[in-house]
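Visitor: Input structure: final_35.cif, which contains mmCIF, C-alpha atoms.
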data_data
#
loop_
_atom_site.label_atom_id
_atom_site.label_comp_id
_atom_site.auth_asym_id
_atom_site.auth_seq_id
_atom_site.Cartn_x
_atom_site.Cartn_y
_atom_site.Cartn_z
CA MET A 1458 -10.52 -84.10 -21.56
CA ASP A 1459 -13.76 -84.14 -19.62
CA LYS A 1460 -13.33 -80.88 -17.74
CA LYS A 1461 -15.77 -78.16 -18.59
CA VAL A 1462 -14.60 -74.93 -20.16
CA LYS A 1463 -14.64 -72.14 -17.61
CA VAL A 1464 -16.43 -69.00 -18.75
CA ILE A 1465 -15.40 -66.15 -16.51
CA PRO A 1466 -16.81 -62.65 -16.84
CA CYS A 1467 -15.39 -59.54 -15.26
CA SER A 1468 -17.06 -58.26 -12.14
CA GLY A 1469 -18.68 -55.65 -14.31
CA ILE A 1470 -20.60 -53.86 -11.64
CA GLY A 1471 -21.87 -50.37 -12.17
CA LYS A 1472 -21.41 -50.37 -15.96
CA VAL A 1473 -23.76 -51.64 -18.62
CA PHE A 1474 -21.00 -53.33 -20.64
CA GLY A 1475 -19.84 -55.15 -17.54
CA PHE A 1476 -23.41 -56.25 -16.92
CA MET A 1477 -23.57 -57.53 -20.50
CA ALA A 1478 -20.35 -59.50 -19.96
CA ARG A 1479 -21.84 -61.18 -16.95
CA GLU A 1480 -25.21 -61.86 -18.58
CA ALA A 1481 -23.54 -63.31 -21.68
CA ALA A 1482 -21.44 -65.64 -19.54
CA LEU A 1483 -24.44 -66.82 -17.54
CA LYS A 1484 -26.53 -67.33 -20.69
CA THR A 1485 -23.75 -69.45 -22.13
CA VAL A 1486 -23.23 -71.72 -19.15
CA TYR A 1487 -26.84 -72.10 -18.09
CA GLU A 1488 -28.66 -72.06 -21.45
CA LEU A 1489 -26.38 -72.63 -24.42
CA CYS A 1490 -23.67 -75.01 -23.17
CA PRO A 1491 -24.62 -76.32 -19.74
CA GLU A 1492 -22.93 -79.68 -20.39
CA LYS A 1493 -19.70 -78.22 -21.68
CA ALA A 1494 -19.17 -75.05 -19.69
CA GLU A 1495 -19.37 -73.66 -16.22
CA THR A 1496 -18.63 -70.32 -14.65
CA VAL A 1497 -16.36 -69.31 -11.81
CA CYS A 1498 -16.65 -66.21 -9.66
CA LEU A 1499 -13.80 -63.81 -10.42
CA ALA A 1500 -13.74 -62.40 -6.89
CA ARG A 1501 -12.98 -65.86 -5.54
CA ILE A 1502 -10.14 -66.15 -8.03
CA VAL A 1503 -8.55 -62.86 -7.00
CA THR A 1504 -8.93 -63.56 -3.29
CA GLY A 1505 -6.98 -66.79 -3.77
CA ASP A 1506 -9.77 -69.21 -2.88
CA GLN A 1507 -8.07 -72.60 -2.99
CA GLU A 1508 -11.07 -74.54 -4.31
CA VAL A 1509 -11.50 -72.14 -7.20
CA LYS A 1510 -7.77 -71.96 -7.88
CA GLU A 1511 -7.61 -75.74 -8.27
CA LYS A 1512 -10.61 -75.58 -10.56
CA ILE A 1513 -9.12 -73.18 -13.07
CA GLU A 1514 -5.43 -74.06 -12.91
CA GLY A 1515 -4.53 -75.64 -16.23
CA SER A 1516 -8.15 -75.48 -17.43
CA ASP A 1517 -9.41 -73.99 -20.67
CA CYS A 1518 -10.97 -70.64 -19.83
CA ILE A 1519 -12.88 -68.06 -21.83
CA THR A 1520 -12.85 -64.64 -20.28
CA VAL A 1521 -15.49 -62.00 -20.95
CA ASP A 1522 -14.51 -58.42 -20.25
CA GLY A 1523 -16.74 -55.37 -20.26
CA CYS A 1524 -14.05 -52.73 -20.41
CA PRO A 1525 -10.49 -52.38 -21.73
CA LYS A 1526 -9.05 -52.96 -18.26
CA MET A 1527 -9.47 -56.69 -18.98
CA CYS A 1528 -9.77 -57.67 -15.31
CA ALA A 1529 -11.10 -61.13 -16.09
CA SER A 1530 -8.43 -62.04 -18.59
CA LYS A 1531 -5.56 -60.72 -16.50
CA ASN A 1532 -6.66 -62.33 -13.26
CA VAL A 1533 -7.52 -65.70 -14.77
CA THR A 1534 -4.13 -65.82 -16.45
CA ALA A 1535 -2.41 -64.81 -13.22
CA ALA A 1536 -4.22 -67.61 -11.41
CA GLY A 1537 -2.99 -70.25 -13.84
CA GLY A 1538 -6.01 -70.59 -16.12
CA ILE A 1539 -5.39 -71.16 -19.83
CA VAL A 1540 -7.26 -68.36 -21.57
CA ILE A 1541 -8.23 -69.83 -24.92
CA GLU A 1542 -10.36 -66.83 -25.87
CA GLU A 1543 -10.60 -63.27 -24.62
CA ILE A 1544 -14.06 -61.96 -25.38
CA LYS A 1545 -14.35 -58.18 -25.34
CA VAL A 1546 -17.89 -56.87 -25.08
CA LEU A 1547 -16.82 -53.66 -26.79
CA ASP A 1548 -15.89 -55.55 -29.98
CA THR A 1549 -19.51 -56.62 -30.41
CA VAL A 1550 -20.93 -53.34 -29.17
CA LYS A 1551 -19.00 -51.48 -31.90
CA GLU A 1552 -20.99 -53.39 -34.49
CA HIS A 1553 -24.17 -51.85 -33.04
CA LYS A 1554 -23.37 -48.17 -33.20
CA GLY A 1555 -26.12 -45.85 -31.99
CA GLU A 1556 -28.11 -48.47 -30.15
CA LYS A 1557 -29.15 -48.17 -26.50
CA PHE A 1558 -28.14 -51.10 -24.37
CA GLY A 1559 -29.72 -50.31 -21.01
CA SER A 1560 -28.43 -49.67 -17.52
CA PRO A 1561 -25.99 -51.46 -15.21
CA SER A 1562 -28.89 -53.50 -13.82
CA GLN A 1563 -31.40 -53.73 -16.66
CA LEU A 1564 -30.74 -54.37 -20.32
CA ASP A 1565 -32.89 -52.78 -23.02
CA ALA A 1566 -34.02 -54.82 -26.02
CA ASP A 1567 -30.88 -53.92 -27.97
CA GLY A 1568 -28.77 -54.82 -24.99
CA GLU A 1569 -30.43 -58.23 -24.82
CA VAL A 1570 -29.75 -58.81 -28.51
CA VAL A 1571 -26.09 -57.88 -28.26
CA THR A 1572 -25.68 -59.97 -25.11
CA GLY A 1573 -27.18 -62.89 -27.01
CA GLU A 1574 -24.68 -62.38 -29.81
CA ILE A 1575 -21.80 -62.38 -27.36
CA ALA A 1576 -23.13 -65.53 -25.73
CA SER A 1577 -23.30 -67.19 -29.16
CA LYS A 1578 -19.68 -66.27 -29.84
CA ILE A 1579 -18.66 -67.82 -26.53
CA ALA A 1580 -20.72 -70.93 -27.25
CA ASP A 1581 -19.17 -71.28 -30.71
CA ARG A 1582 -15.70 -71.20 -29.19
CA ILE A 1583 -16.70 -73.78 -26.59
CA ASN A 1584 -18.08 -76.05 -29.30
CA GLU A 1585 -14.79 -75.80 -31.16
CA VAL A 1586 -12.88 -77.27 -28.26
CA LYS A 1587 -15.41 -79.71 -26.87
CA MET B 905 -28.00 -43.76 5.91
CA SER B 906 -28.37 -40.07 5.33
CA GLU B 907 -24.85 -39.42 4.06
CA LYS B 908 -23.30 -40.80 0.91
CA TYR B 909 -21.56 -44.13 1.14
CA ALA B 910 -19.03 -46.00 -0.90
CA VAL B 911 -20.60 -49.41 -1.49
CA LEU B 912 -18.44 -52.46 -2.10
CA PRO B 913 -20.52 -55.52 -2.99
CA CYS B 914 -19.21 -58.99 -3.64
CA ASN B 915 -18.87 -60.10 -7.24
CA GLY B 916 -22.08 -62.07 -6.85
CA LEU B 917 -21.87 -64.17 -9.95
CA ASP B 918 -23.06 -67.65 -9.27
CA LYS B 919 -25.07 -67.67 -6.07
CA CYS B 920 -28.43 -66.19 -5.22
CA ALA B 921 -26.98 -64.40 -2.19
CA GLY B 922 -24.39 -62.80 -4.42
CA VAL B 923 -27.05 -61.63 -6.87
CA ILE B 924 -28.86 -60.04 -3.94
CA SER B 925 -25.65 -58.34 -2.83
CA ARG B 926 -25.20 -56.79 -6.27
CA GLU B 927 -28.85 -55.83 -6.51
CA ILE B 928 -28.73 -53.98 -3.19
CA ALA B 929 -25.54 -52.20 -4.22
CA LEU B 930 -26.95 -51.19 -7.58
CA ARG B 931 -30.17 -49.90 -6.06
CA LEU B 932 -28.32 -47.93 -3.42
CA CYS B 933 -26.10 -46.39 -6.02
CA GLY B 934 -28.83 -45.87 -8.59
CA ASP B 935 -31.57 -44.42 -6.39
CA ALA B 936 -29.67 -42.71 -3.64
CA GLY B 937 -26.50 -41.71 -5.43
CA HIS B 938 -24.03 -43.65 -3.32
CA GLU B 939 -20.73 -44.55 -4.96
CA ILE B 940 -20.31 -48.12 -6.15
CA ILE B 941 -16.97 -49.89 -6.06
CA CYS B 942 -16.22 -52.64 -8.54
CA PRO B 943 -14.79 -55.40 -6.32
CA VAL B 944 -12.21 -56.72 -8.74
CA PHE B 945 -11.29 -53.49 -10.50
CA SER B 946 -10.70 -51.85 -7.12
CA ARG B 947 -7.60 -54.01 -6.74
CA ILE B 948 -5.87 -52.30 -9.62
CA ALA B 949 -7.55 -48.89 -9.56
CA GLU B 950 -6.44 -48.23 -6.04
CA LEU B 951 -5.96 -44.49 -6.36
CA LYS B 952 -9.42 -43.91 -7.79
CA TYR B 953 -11.19 -45.96 -5.16
CA ARG B 954 -9.03 -44.86 -2.24
CA LYS B 955 -10.13 -41.30 -2.99
CA ILE B 956 -13.80 -42.33 -2.96
CA ILE B 957 -13.35 -44.26 0.27
CA SER B 958 -11.53 -41.38 1.89
CA GLU B 959 -14.52 -39.16 1.11
CA HIS B 960 -17.30 -41.59 2.02
CA PRO B 961 -17.74 -44.27 4.69
CA LEU B 962 -17.45 -47.77 3.23
CA LEU B 963 -20.34 -50.22 3.27
CA VAL B 964 -19.34 -53.79 2.41
CA ILE B 965 -22.01 -56.20 1.19
CA ASP B 966 -21.01 -59.86 1.11
CA GLY B 967 -23.30 -62.43 -0.42
CA CYS B 968 -22.08 -65.63 1.15
CA PRO B 969 -19.78 -66.62 4.03
CA THR B 970 -16.82 -66.71 1.62
CA ARG B 971 -16.88 -62.94 2.20
CA CYS B 972 -14.88 -61.96 -0.86
CA ALA B 973 -15.83 -58.29 -0.55
CA SER B 974 -14.57 -58.15 3.03
CA LYS B 975 -11.37 -59.85 1.98
CA LEU B 976 -10.85 -57.41 -0.85
CA ALA B 977 -11.41 -54.50 1.55
CA ALA B 978 -8.93 -56.02 3.98
CA GLU B 979 -6.40 -56.59 1.23
CA LYS B 980 -6.39 -52.86 0.53
CA ASN B 981 -6.75 -51.97 4.18
CA PHE B 982 -9.94 -50.04 3.46
CA LYS B 983 -11.68 -49.00 6.64
CA ILE B 984 -15.12 -50.59 6.81
CA ALA B 985 -17.91 -48.47 8.28
CA GLY B 986 -20.67 -51.02 7.82
CA LYS B 987 -21.03 -54.60 6.75
CA ILE B 988 -23.79 -56.96 5.66
CA THR B 989 -23.64 -60.64 4.84
CA VAL B 990 -26.74 -61.56 2.86
CA THR B 991 -26.88 -65.22 3.95
CA GLU B 992 -26.79 -64.18 7.60
CA GLU B 993 -29.49 -61.56 7.08
CA ALA B 994 -31.66 -64.11 5.28
CA LYS B 995 -31.25 -66.54 8.15
CA LYS B 996 -32.15 -63.88 10.70
CA SER B 997 -35.26 -63.01 8.72
CA GLY B 998 -36.24 -66.66 8.31
CA ILE B 999 -35.92 -66.47 4.53
CA GLU B 1000 -34.61 -69.47 2.64
CA LEU B 1001 -32.84 -68.25 -0.44
CA SER B 1002 -33.40 -69.80 -3.84
CA ASP B 1003 -30.88 -72.25 -5.32
CA THR B 1004 -31.11 -70.42 -8.63
CA LEU B 1005 -29.96 -66.98 -9.68
CA GLN B 1006 -33.52 -65.80 -10.28
CA LEU B 1007 -34.81 -63.46 -7.64
CA GLY B 1008 -38.31 -64.38 -6.51
CA GLU B 1009 -40.72 -62.85 -4.03
CA LYS B 1010 -38.74 -63.94 -0.98
CA GLU B 1011 -35.51 -62.56 -2.31
CA HIS B 1012 -37.11 -59.26 -3.27
CA ALA B 1013 -38.65 -59.07 0.19
CA LEU B 1014 -35.21 -59.50 1.73
CA ILE B 1015 -33.77 -56.82 -0.55
CA GLY B 1016 -36.55 -54.49 0.55
CA LEU B 1017 -35.90 -55.21 4.22
CA LEU B 1018 -32.19 -54.61 3.92
CA LEU B 1019 -32.61 -51.44 1.91
CA ASN B 1020 -35.04 -50.14 4.51
CA ASP B 1021 -32.57 -50.97 7.27
CA LEU B 1022 -29.84 -49.17 5.45
CA LYS B 1023 -31.99 -46.13 4.89
CA THR B 1024 -32.56 -45.78 8.63
CA PRO B 1025 -30.05 -43.18 9.80
CA GLY B 1026 -27.28 -44.70 11.86
CA ASN B 1027 -28.08 -48.29 11.02
CA THR B 1028 -25.12 -48.88 8.77
CA SER B 1029 -22.43 -47.65 11.06
CA LYS B 1030 -23.48 -49.85 13.94
CA GLN B 1031 -23.64 -53.05 11.97
CA PRO B 1032 -20.08 -54.31 12.32
CA ASP B 1033 -20.27 -54.24 16.11
CA GLU B 1034 -23.73 -55.74 16.24
CA ARG B 1035 -22.69 -58.57 14.04
CA GLU B 1036 -19.23 -59.26 15.31
CA GLY B 1037 -20.31 -62.22 17.40
CA GLU B 1038 -22.08 -63.74 14.44
CA SER B 1039 -19.23 -63.20 12.01
CA TYR B 1040 -16.87 -65.69 13.61
CA HIS B 1041 -17.60 -69.31 12.95
CA PHE B 1042 -15.25 -72.05 14.03
CA ASP B 1043 -14.80 -75.58 12.71
CA TYR B 1044 -12.27 -77.65 14.60
CA GLU B 1045 -9.75 -80.39 14.10
CA THR B 1046 -8.80 -82.10 17.34
CA PHE B 1047 -5.80 -83.88 18.77
CA GLN B 1048 -6.05 -85.93 21.94
CA LYS B 1049 -3.24 -86.84 24.28
CA GLY B 1050 -4.39 -88.79 27.30
CA LYS B 1051 -7.26 -86.92 28.88
CA PHE B 1052 -6.33 -83.67 27.15
CA LEU B 1053 -8.15 -82.60 24.02
CA PHE B 1054 -6.65 -79.90 21.85
CA ARG B 1055 -8.90 -78.13 19.36
CA VAL B 1056 -7.52 -76.06 16.52
CA PRO B 1057 -9.85 -74.16 14.17
CA VAL B 1058 -9.46 -75.08 10.53
CA ASN B 1059 -11.09 -71.97 9.04
CA LYS B 1060 -8.89 -70.43 6.40
CA ASP B 1061 -9.33 -66.90 7.72
CA ILE B 1062 -7.74 -67.91 11.01
CA PHE B 1063 -4.00 -67.43 11.25
CA PHE B 1064 -1.60 -68.58 13.93
CA ILE B 1065 1.84 -67.87 15.27
CA GLU B 1066 4.10 -70.38 16.93
CA ASN B 1067 3.50 -68.61 20.26
CA ASP B 1068 0.10 -70.34 20.34
CA CYS B 1069 -2.05 -67.35 19.59
CA TRP B 1070 -4.54 -66.92 16.76
CA ALA B 1071 -6.11 -64.13 14.71
CA TYR B 1072 -9.41 -64.48 12.90
CA VAL B 1073 -9.33 -61.91 10.13
CA SER B 1074 -12.59 -60.40 8.88
CA GLY B 1075 -12.41 -57.38 6.62
CA ASN B 1076 -10.03 -54.87 8.14
CA ARG B 1077 -10.48 -56.31 11.60
CA ALA B 1078 -9.20 -59.31 13.46
CA ARG B 1079 -10.24 -61.07 16.61
CA ILE B 1080 -7.34 -62.51 18.55
CA GLY B 1081 -6.95 -65.09 21.27
CA VAL B 1082 -4.92 -68.01 22.57
CA THR B 1083 -5.16 -71.64 21.50
CA ASP B 1084 -6.22 -74.72 23.43
CA PHE B 1085 -2.56 -75.54 23.93
CA VAL B 1086 -2.21 -72.45 26.15
CA GLN B 1087 -5.29 -73.02 28.24
CA GLN B 1088 -4.57 -76.72 28.73
CA ASN B 1089 -1.05 -75.96 29.92
CA LEU B 1090 -2.03 -73.11 32.20
CA SER B 1091 -4.85 -75.17 33.65
CA ASP B 1092 -7.43 -73.14 35.60
CA ILE B 1093 -7.13 -69.53 34.49
CA LEU B 1094 -7.73 -67.12 37.37
CA PHE B 1095 -6.98 -63.65 36.07
CA PHE B 1096 -7.21 -61.77 32.82
CA THR B 1097 -5.55 -58.43 32.08
CA PRO B 1098 -6.91 -57.02 28.83
CA PRO B 1099 -4.90 -54.87 26.44
CA GLU B 1100 -5.66 -51.18 26.66
CA MET B 1101 -8.51 -49.98 24.48
CA GLY B 1102 -7.28 -47.74 21.67
CA SER B 1103 -3.66 -48.83 22.05
CA GLU B 1104 -1.62 -49.72 18.99
CA ILE B 1105 -0.08 -53.17 19.06
CA ASP B 1106 2.66 -54.36 16.72
CA GLN B 1107 2.73 -57.85 15.33
CA PHE B 1108 4.16 -60.07 18.10
CA GLY B 1109 3.48 -57.30 20.60
CA GLU B 1110 1.84 -57.94 23.97
CA ALA B 1111 -1.96 -57.99 23.97
CA GLY B 1112 -2.77 -58.58 27.62
CA GLU B 1113 -2.01 -61.34 30.08
CA ILE B 1114 -3.72 -64.40 31.44
CA GLU B 1115 -2.69 -66.03 34.68
CA SER B 1116 -3.31 -69.33 36.35
CA SER B 1117 -1.95 -70.82 39.57
CA LYS B 1118 0.81 -72.33 37.45
CA SER B 1119 2.09 -69.32 35.52
CA VAL B 1120 1.44 -66.08 33.68
CA PHE B 1121 1.04 -66.12 29.92
CA GLU B 1122 1.62 -63.01 27.88
CA VAL B 1123 -0.82 -62.92 24.98
CA ILE B 1124 1.10 -62.23 21.78
CA SER B 1125 -0.80 -60.53 18.99
CA PRO B 1126 -0.37 -62.29 15.64
CA VAL B 1127 -1.26 -59.08 13.82
CA SER B 1128 -0.58 -55.36 14.08
CA GLY B 1129 -3.51 -53.16 14.89
CA LYS B 1130 -5.40 -50.82 17.12
CA VAL B 1131 -7.40 -52.32 19.98
CA ILE B 1132 -11.05 -51.57 19.29
CA GLY B 1133 -12.62 -54.09 21.63
CA VAL B 1134 -11.73 -56.37 24.51
CA ASN B 1135 -13.61 -59.34 25.88
CA GLU B 1136 -14.81 -57.76 29.10
CA ALA B 1137 -16.57 -60.96 30.12
CA LEU B 1138 -13.16 -62.46 30.84
CA ILE B 1139 -12.47 -59.95 33.61
CA GLN B 1140 -15.25 -61.49 35.68
CA LYS B 1141 -14.99 -64.97 34.18
CA PRO B 1142 -11.46 -65.72 32.98
CA GLU B 1143 -12.39 -69.41 33.09
CA LEU B 1144 -14.20 -68.84 29.78
CA ILE B 1145 -10.76 -69.17 28.20
CA ASN B 1146 -10.57 -72.71 29.59
CA GLU B 1147 -14.05 -73.46 28.31
CA ASN B 1148 -13.24 -72.35 24.78
CA PRO B 1149 -10.37 -69.98 23.98
CA TYR B 1150 -11.67 -69.38 20.45
CA GLU B 1151 -15.31 -68.50 21.00
CA LEU B 1152 -16.34 -67.24 24.46
CA GLY B 1153 -12.69 -66.93 25.47
CA TRP B 1154 -11.47 -64.56 22.77
CA ILE B 1155 -9.15 -61.79 23.93
CA ALA B 1156 -9.49 -58.65 21.82
CA ASP B 1157 -10.61 -57.13 18.54
CA LEU B 1158 -8.12 -55.16 16.50
CA GLU B 1159 -8.44 -52.82 13.57
CA LEU B 1160 -5.69 -54.05 11.28
CA THR B 1161 -2.93 -51.67 10.34
CA ALA B 1162 -0.42 -53.76 8.39
CA PHE B 1163 -2.02 -57.06 7.57
CA GLU B 1164 -0.37 -57.46 4.18
CA ASN B 1165 3.05 -57.35 5.83
CA ASP B 1166 1.95 -59.35 8.84
CA LYS B 1167 0.77 -62.22 6.65
CA GLU B 1168 4.34 -63.14 5.79
CA LEU B 1169 4.96 -64.27 9.35
CA LEU B 1170 1.65 -65.98 9.96
CA ILE B 1171 0.94 -69.67 9.57
CA GLY B 1172 -2.23 -71.51 8.70
CA PHE B 1173 -3.98 -74.44 10.32
CA ASP B 1174 -1.90 -77.18 8.69
CA GLN B 1175 1.39 -75.82 9.93
CA TYR B 1176 0.20 -74.82 13.38
CA PHE B 1177 -1.56 -78.14 13.99
CA GLU B 1178 1.71 -80.00 13.38
CA ILE B 1179 3.68 -77.60 15.58
CA MET B 1180 1.15 -77.92 18.37
CA LYS B 1181 1.15 -81.72 18.19
CA ARG B 1182 4.93 -81.76 18.47
CA LYS B 1183 4.77 -79.46 21.51
CA VAL B 1184 2.17 -81.67 23.17
CA MET B 1185 4.28 -84.77 22.54
CA ASP B 1186 7.43 -83.03 23.81
CA LEU B 1187 5.69 -81.97 27.01
CA ASN B 1188 3.90 -85.22 27.69
CA GLY B 1189 6.26 -87.76 26.23
#
Let me see whether you can do it: turn the structure in this file into structure tokens.

Guide:
Amino acid sequence: MDKKVKVIPCSGIGKVFGFMAREAALKTVYELCPEKAETVCLARIVTGDQEVKEKIEGSDCITVDGCPKMCASKNVTAAGGIVIEEIKVLDTVKEHKGEKFGSPSQLDADGEVVTGEIASKIADRINEVK
Amino acid sequence: MSEKYAVLPCNGLDKCAGVISREIALRLCGDAGHEIICPVFSRIAELKYRKIISEHPLLVIDGCPTRCASKLAAEKNFKIAGKITVTEEAKKSGIELSDTLQLGEKEHALIGLLLNDLKTPGNTSKQPDEREGESYHFDYETFQKGKFLFRVPVNKDIFFIENDCWAYVSGNRARIGVTDFVQQNLSDILFFTPPEMGSEIDQFGEAGEIESSKSVFEVISPVSGKVIGVNEALIQKPELINENPYELGWIADLELTAFENDKELLIGFDQYFEIMKRKVMDLNG
């Protein structure tokens, strides 16, 4: 299988955990696993963009959600993507109780560290399948 | 932009223009206290966001011509008070956006310009009308029969009905008109009667008339909506419909009222193109 794993974060706008989901996804596809992974815009998935739909249908996908609403996971599944891993930012955040992560547009140092950890988890999962 | 707005940006994940869209939205909501709307979450948290939008005018910020934010607003029938498409604004300002997601000097300059524009009272609310002509782009597939050339736009936001009329949907608005099949069959169009401004038209309802020496054609609206604009140029120059019934020869602009329902009875390019070809062959042998 030569298709890249799709790493799809939630829209995550206006919330720091959503921003971390997005940053972790981008770090994974552009820095950690550029040969094995790519990202797809969730808004294009939910608006039924045909090009994007064909891209994810039947493909291995890792979703990254910033809040318990799980928008990325639910919408990717609904669009026919095979979600091989649901990453929840909050799972990693809970391991860093008391730290300050930043704002919805700017991560603090702790936020950068946690985002890096999430990206590593995503990359590990990608390396398992590729 | 003196009052508070609800700001709906595109998701802006993987293109520079999208990053700019998000950045503008975040700055507006961070500095000036406007309400931000998460584009994807808004689909499921309808009650929450409908309340915000009922209290504040909606500003939609699209990054690229895919216009996901506009589509999401249209899907929920949110009324759009103002709209920006970052790629169009960049082009107007002569700024070539980066291929990467990193915002450089040029991109920050554009963000500054747009934020300044938005902070000028009244600027936001006039933007949809100012930009309406720029928002509609047409790419055509053609079919030729003898000396007659029939163009049909292939854009996926353009919907058709078998009555040879089209609707180009953008946000919660649609521009409507007739197809080349109509103007070729009518031949030289001599008169145009526009639909009444402010009137409510049902899907498949009459939206004006066009008349040639051969016959009168009742324009059928593919979508339900309120008439918010008519192409007044056609009153003096109805021949613009013969020149191009999609661009200069458009008929009217509607504010959509039931697009989700209307969609069930609309067809896309592929289906209409085949129907039109069959009609041409039937008429001309």

Visitor: Starting from chain B, keep only residues with some atom at most 9 Å from an atom of chain A, counting only C-alpha atoms, and report them as a list in words.

Guide: Pro913, Cys914, Asn915, Gly916, Leu917, Asp918, Arg926, Glu927, Ala929, Leu930, Arg931, Cys933, Ile940, Ile941, Cys942, Pro943, Val944, Phe945, Arg947, Ile948, Thr970, Cys972, Ala973, Lys975, Leu976 and Glu979 of chain B

Visitor: Draw an axis-aligned box tight on the listed atoms of region 1488-1505 of chain A, then pad every side by 8 Å and write out centre and edge lengths in Å to one decimal as lines of an AutoDock Vina configuration file.

Guide:
center_x = -17.8
center_y = -71.0
center_z = -13.9
size_x = 37.7
size_y = 33.3
size_z = 37.1

Visitor: Step by step, work through what the PyMOL selection byres ((chain B and resi 1010) around 12) selects in the shown file, and finish by giving those residues as a list in words.

Guide: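 So the PyMOL selection byres ((chain B and resi 1010) around 12) ends up selecting Cys920, Ala921, Ile924, Ala994, Ser997, Gly998, Ile999, Glu1000, Leu1001, Ser1002, Gln1006, Leu1007, Gly1008, Glu1009, Glu1011, His1012, Ala1013, Leu1014, Ile1015, Gly1016 and Leu1017 of chain B.
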
Visitor: I'd like the interatomic distance between CA of Met1101 (chain B) and CA of Phe1042 (chain B), to a tenth of an Å.

Guide: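 Calculated distance between CA of Met1101 (chain B) and CA of Phe1042 (chain B) is 25.3 Å.
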
Visitor: Fewer than 6 positions away in the same chain doesn't count, so skip those; otherwise give me all residues within 7 Å of Gly1559 (chain A), counting all atoms listed in the file, as a VMD selection string.

Guide: chain A and resid 1473 1565 1568

Visitor: Can you pull out every residue within 12 Å of Cys1490 (chain A), counting only C-alpha atoms, but drop anything in the same chain fewer than 4 positions away, and send it as a PDB file with C-alpha atoms, in the coordinates of the input?

Guide:
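The result, stored in out_5.pdb:
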ATOM      1  CA  LYS A1461     -15.770 -78.160 -18.590  1.00  0.00           C
ATOM      2  CA  VAL A1462     -14.600 -74.930 -20.160  1.00  0.00           C
ATOM      3  CA  LYS A1463     -14.640 -72.140 -17.610  1.00  0.00           C
ATOM      4  CA  VAL A1464     -16.430 -69.000 -18.750  1.00  0.00           C
ATOM      5  CA  ALA A1481     -23.540 -63.310 -21.680  1.00  0.00           C
ATOM      6  CA  ALA A1482     -21.440 -65.640 -19.540  1.00  0.00           C
ATOM      7  CA  LEU A1483     -24.440 -66.820 -17.540  1.00  0.00           C
ATOM      8  CA  LYS A1484     -26.530 -67.330 -20.690  1.00  0.00           C
ATOM      9  CA  THR A1485     -23.750 -69.450 -22.130  1.00  0.00           C
ATOM     10  CA  VAL A1486     -23.230 -71.720 -19.150  1.00  0.00           C
ATOM     11  CA  ALA A1494     -19.170 -75.050 -19.690  1.00  0.00           C
ATOM     12  CA  GLU A1495     -19.370 -73.660 -16.220  1.00  0.00           C
ATOM     13  CA  THR A1496     -18.630 -70.320 -14.650  1.00  0.00           C
ATOM     14  CA  ALA A1576     -23.130 -65.530 -25.730  1.00  0.00           C
ATOM     15  CA  SER A1577     -23.300 -67.190 -29.160  1.00  0.00           C
ATOM     16  CA  LYS A1578     -19.680 -66.270 -29.840  1.00  0.00           C
ATOM     17  CA  ILE A1579     -18.660 -67.820 -26.530  1.00  0.00           C
ATOM     18  CA  ALA A1580     -20.720 -70.930 -27.250  1.00  0.00           C
ATOM     19  CA  ASP A1581     -19.170 -71.280 -30.710  1.00  0.00           C
ATOM     20  CA  ARG A1582     -15.700 -71.200 -29.190  1.00  0.00           C
ATOM     21  CA  ILE A1583     -16.700 -73.780 -26.590  1.00  0.00           C
ATOM     22  CA  ASN A1584     -18.080 -76.050 -29.300  1.00  0.00           C
ATOM     23  CA  GLU A1585     -14.790 -75.800 -31.160  1.00  0.00           C
ATOM     24  CA  LYS A1587     -15.410 -79.710 -26.870  1.00  0.00           C
TER      25      LYS A1587
END

Visitor: Where does the PyMOL selection byres ((chain B and resi 1134) around 12) land in this file, that is, which residues does it pick, as a PyMOL selection string?

Guide: chain B and resi 1078-1081+1096-1103+1111-1112+1130-1133+1135-1139+1152-1159

Visitor: Next, the residues of the selection above should be written as a short mmCIF file (atom, residue, chain, number, x, y, z; two decimals), in the coordinates of the input with C-alpha atoms.

Guide:
data_model
loop_
_atom_site.label_atom_id
_atom_site.label_comp_id
_atom_site.auth_asym_id
_atom_site.auth_seq_id
_atom_site.Cartn_x
_atom_site.Cartn_y
_atom_site.Cartn_z
CA ALA B 1078 -9.20 -59.31 13.46
CA ARG B 1079 -10.24 -61.07 16.61
CA ILE B 1080 -7.34 -62.51 18.55
CA GLY B 1081 -6.95 -65.09 21.27
CA PHE B 1096 -7.21 -61.77 32.82
CA THR B 1097 -5.55 -58.43 32.08
CA PRO B 1098 -6.91 -57.02 28.83
CA PRO B 1099 -4.90 -54.87 26.44
CA GLU B 1100 -5.66 -51.18 26.66
CA MET B 1101 -8.51 -49.98 24.48
CA GLY B 1102 -7.28 -47.74 21.67
CA SER B 1103 -3.66 -48.83 22.05
CA ALA B 1111 -1.96 -57.99 23.97
CA GLY B 1112 -2.77 -58.58 27.62
CA LYS B 1130 -5.40 -50.82 17.12
CA VAL B 1131 -7.40 -52.32 19.98
CA ILE B 1132 -11.05 -51.57 19.29
CA GLY B 1133 -12.62 -54.09 21.63
CA ASN B 1135 -13.61 -59.34 25.88
CA GLU B 1136 -14.81 -57.76 29.10
CA ALA B 1137 -16.57 -60.96 30.12
CA LEU B 1138 -13.16 -62.46 30.84
CA ILE B 1139 -12.47 -59.95 33.61
CA LEU B 1152 -16.34 -67.24 24.46
CA GLY B 1153 -12.69 -66.93 25.47
CA TRP B 1154 -11.47 -64.56 22.77
CA ILE B 1155 -9.15 -61.79 23.93
CA ALA B 1156 -9.49 -58.65 21.82
CA ASP B 1157 -10.61 -57.13 18.54
CA LEU B 1158 -8.12 -55.16 16.50
CA GLU B 1159 -8.44 -52.82 13.57
#
